[in-house]
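Chemist: Here it is, the structure in full.
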Amino acid sequence: MAVFSLRFMLFSSLLLNVLLILPSLSDAKQSFRPKALVLPISKDASTLQYLTTINQRTPLVSLNVVLDLGGQSLWVDCQQGYNSSSYRPARCHSSQCSLAKSNSCSGTNTCGVIVDNTVTGTATSGDLGDDVVSIQSTDGSNPGRVVTVSHFLFACAPTFILKGLASGTKGMAGLGRTRISLPSQFSAAFSFHKKFAICLSSSTSASYNGVLFFGDGPYKFLPNVDVSTNNLVYTKLYINPVSTASAYTSGDASSEYFIGVKSIKVQDKAVSLNTSLLSIQSSTGYGGTKISTVNPYTVMETSIYKAVTKAFIKAAASRNITRVGAVSPFGVCFDLKTVHGTRLGASVPTIDLVMESESVKWSIYGANSMVQVNNDVICLGFLDGGSNPRTSIVIGGYQLEDKLLQFDLANSKLGFSYSLLVYQTTCSNFNFTSTA
């Protein structure tokens with residue numbers, strides 16, 4: 001009997017320990033906090049827009065949305081086919097409305113926000129709400145465990161505002177400087193660094209995706225290239241006190257990302273410019289240089305465009321590159337047979353956007369400056385933006401491709417890599433096919 005009692009006591013003690021451990025194991029699983037998140041980015045061949053996929057609602061639905069680097073929030077079409085048991089409207093005067101800086105209230109006691117289609121420059125009002133969003137975590141090398149944000153704020157938009165977006169897309173995903181943009185909400189939900197990084201692929205093939213990271217590095221690409229390690233050049237991010245988006249009032253600061261370009265060089269020679277155009281006018285918000293995923297190519301104010309293209313044509317001629325007639329939408333084109341190829345694309349004069357010092361420069365090589373328009377002609381991928389544009393230089397998507405850009409929102413700085421072609425990799429070489 002004593003032996004039985006001893007065995008029973010030992011068994012009871014063991015059972016109690018197991019029962020005490022089980023909740024802690026369950027809690028550990030539920031309290032998993034990723035250090036970073038990852039989304040794929042594709043390029044639509046027809047519109048040249050960059051797309052990503054958001055998994056939203058209950059049950060989950062995969063939505064293709066257009067990526068908008070300077071956009072204020074996620075907005076989706078709720079007019080057609082939005083069904084979700086977990087959707088909640090944001091009630092007027094709630095904390096969600098304050099977060100979104102909403103100043104309107106509908107008859108249904110739902111606060112309203114501006115929905116801005118930055119591709120077409122049109123805007124409308126929408127309802128603020130929240131719903132479930134699921135996304136994959138990452139260790140910087142591979143996708144990992146799927147995590148969920150139960151109450152992700154977004155704007156419900158009418159169907160007509162989709163006009164001009166790539167076929168099959170249901171809205172836009174804003175990465176801008178607001179408290180309800182994707183980077184802000186993900187960093188708040190999982191308490192990681194308020195940073196994100198984009199790497200746009202030049203390919204329109206469905207098999208070759210670029211990548212969007214939320215959180216800090218590493219940012220690794222095959223074959224084992226960590227772009228976040230000693231491969232980024234840093235510059236300050238500037239806030240335009242007046243929004244350049246179509247939907248905002250003049251009193252709102254811009255949610256877009258501006259950098260301080262001070263001068264431009266072509267083949268190491270400074271281009272003569274009206275440098276006042278490179279600064280942001282505090283009273284009007286005109287001028288300056290911003291980065292955009294919505295513009296397919298870099299757009300320059302007319303006098304800047306003419307000065308840069310004149311210098312480029314002269315430098316190209318010194319290499320015996322023959323100019324030919326323009327092919328819309330480009331104004332400066334060349335005979336492809338007279339242009340040699342290199343690992344960094346066409347062998348043409350390098351264009352440098354110089355920032356706070358000579359060592360901080362954004363170098364644009366042939367892979368990002370030249371666009372082959374047919375079998376015989378290659379064109380400079382820069383466009384004339386007219387004599388009085390809101391922003392003097394808009395760096396477009398083509399000039400961002402196969403470069404990693406890290407936006408550090410907490411410290412207001414941008415880290416950018418050289419062309420990944422230098423490291424014999426590309427933005428499509430993130431390993432989406434295996435899991436961490």
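Every chain in the structure tokens has a letter given in the order shown (A, B, ...), and although residue numbers restart at 1 in each chain, ligands are simply numbered from 1 in the order shown.
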What are the closest atom pairs, with distances in Å to one decimal, for each residue of range 102-190 of chain A lying within 9 Å of range 415-431 of chain A, using only C-alpha atoms, rows by chain and rising residue number, as JSON lines?
Modeler:
{"residue": "A:Gly140", "atom": "CA", "partner": "A:Phe430", "partner_atom": "CA", "distance": 8.8}
{"residue": "A:Ser141", "atom": "CA", "partner": "A:Asn431", "partner_atom": "CA", "distance": 6.6}
{"residue": "A:Asn142", "atom": "CA", "partner": "A:Asn431", "partner_atom": "CA", "distance": 5.5}
{"residue": "A:Pro143", "atom": "CA", "partner": "A:Asn431", "partner_atom": "CA", "distance": 7.8}
Chemist: Please build the interface table for range 279-367 of chain A against range 176-200 of chain A with a cut-off of 12 Å, listing for each qualifying residue the nearest atom pair and the distance in Å to one decimal; count only C-alpha atoms, order rows by chain and increasing number, and write it as JSON lines.
Modeler:
{"residue": "A:Lys290", "atom": "CA", "partner": "A:Gly176", "partner_atom": "CA", "distance": 11.9}
{"residue": "A:Ile291", "atom": "CA", "partner": "A:Gly176", "partner_atom": "CA", "distance": 11.0}
{"residue": "A:Ser292", "atom": "CA", "partner": "A:Gly176", "partner_atom": "CA", "distance": 10.5}
{"residue": "A:Thr293", "atom": "CA", "partner": "A:Leu200", "partner_atom": "CA", "distance": 9.1}
{"residue": "A:Pro296", "atom": "CA", "partner": "A:Leu200", "partner_atom": "CA", "distance": 11.6}
Chemist: Limited to N, CA and C atoms, could you put the picked residues into a file as an mmCIF file, in the first residue's frame?
Modeler:
data_model
loop_
_atom_site.group_PDB
_atom_site.id
_atom_site.type_symbol
_atom_site.label_atom_id
_atom_site.label_comp_id
_atom_site.auth_asym_id
_atom_site.auth_seq_id
_atom_site.Cartn_x
_atom_site.Cartn_y
_atom_site.Cartn_z
ATOM 1 N N LYS A 290 10.500 63.665 -55.162
ATOM 2 C CA LYS A 290 9.830 62.591 -54.429
ATOM 3 C C LYS A 290 9.997 61.264 -55.165
ATOM 4 N N ILE A 291 9.744 60.184 -54.416
ATOM 5 C CA ILE A 291 9.850 58.830 -54.958
ATOM 6 C C ILE A 291 8.442 58.283 -55.122
ATOM 7 N N SER A 292 8.180 57.651 -56.263
ATOM 8 C CA SER A 292 6.821 57.188 -56.558
ATOM 9 C C SER A 292 6.830 55.802 -57.188
ATOM 10 N N THR A 293 5.906 54.948 -56.728
ATOM 11 C CA THR A 293 5.692 53.676 -57.418
ATOM 12 C C THR A 293 4.520 53.767 -58.390
ATOM 13 N N PRO A 296 5.319 55.358 -63.757
ATOM 14 C CA PRO A 296 6.165 54.287 -64.286
ATOM 15 C C PRO A 296 7.587 54.730 -64.604
#
Chemist: Nearest to Ala410 in chain A among A:Tyr82, A:Asp216, A:Leu222, A:Thr118, with distances taken over only C-alpha atoms: which residue is it?
Modeler: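 Once distances to Ala410 in chain A are computed over only C-alpha atoms, the minimum belongs to A:Asp216.
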Chemist: As an exercise, work out the distance from CA of Val266 in chain A to CA of Leu404 in chain A in Å and give it to one decimal place.
Modeler: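 Those two atoms sit 22.6 Å apart.
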Chemist: Enumerate, in order of chain and increasing residue number, the residues of range 204-312 of chain A with an atom no farther than 12 Å from range 320-340 of chain A, each with its shortest atom pair and distance in Å to one decimal, counting only C-alpha atoms, as JSON lines.
Modeler:
{"residue": "A:Pro296", "atom": "CA", "partner": "A:Pro329", "partner_atom": "CA", "distance": 11.2}
{"residue": "A:Tyr297", "atom": "CA", "partner": "A:Phe330", "partner_atom": "CA", "distance": 9.8}
{"residue": "A:Thr298", "atom": "CA", "partner": "A:Phe330", "partner_atom": "CA", "distance": 10.9}
{"residue": "A:Val299", "atom": "CA", "partner": "A:Phe330", "partner_atom": "CA", "distance": 10.7}
{"residue": "A:Thr302", "atom": "CA", "partner": "A:Gly331", "partner_atom": "CA", "distance": 11.8}
{"residue": "A:Tyr305", "atom": "CA", "partner": "A:Gly331", "partner_atom": "CA", "distance": 9.9}
{"residue": "A:Lys306", "atom": "CA", "partner": "A:Gly331", "partner_atom": "CA", "distance": 10.0}
{"residue": "A:Val308", "atom": "CA", "partner": "A:Val332", "partner_atom": "CA", "distance": 10.9}
{"residue": "A:Thr309", "atom": "CA", "partner": "A:Val332", "partner_atom": "CA", "distance": 7.3}
{"residue": "A:Lys310", "atom": "CA", "partner": "A:Val332", "partner_atom": "CA", "distance": 9.4}
{"residue": "A:Ala311", "atom": "CA", "partner": "A:Val332", "partner_atom": "CA", "distance": 11.6}
{"residue": "A:Phe312", "atom": "CA", "partner": "A:Val332", "partner_atom": "CA", "distance": 9.3}
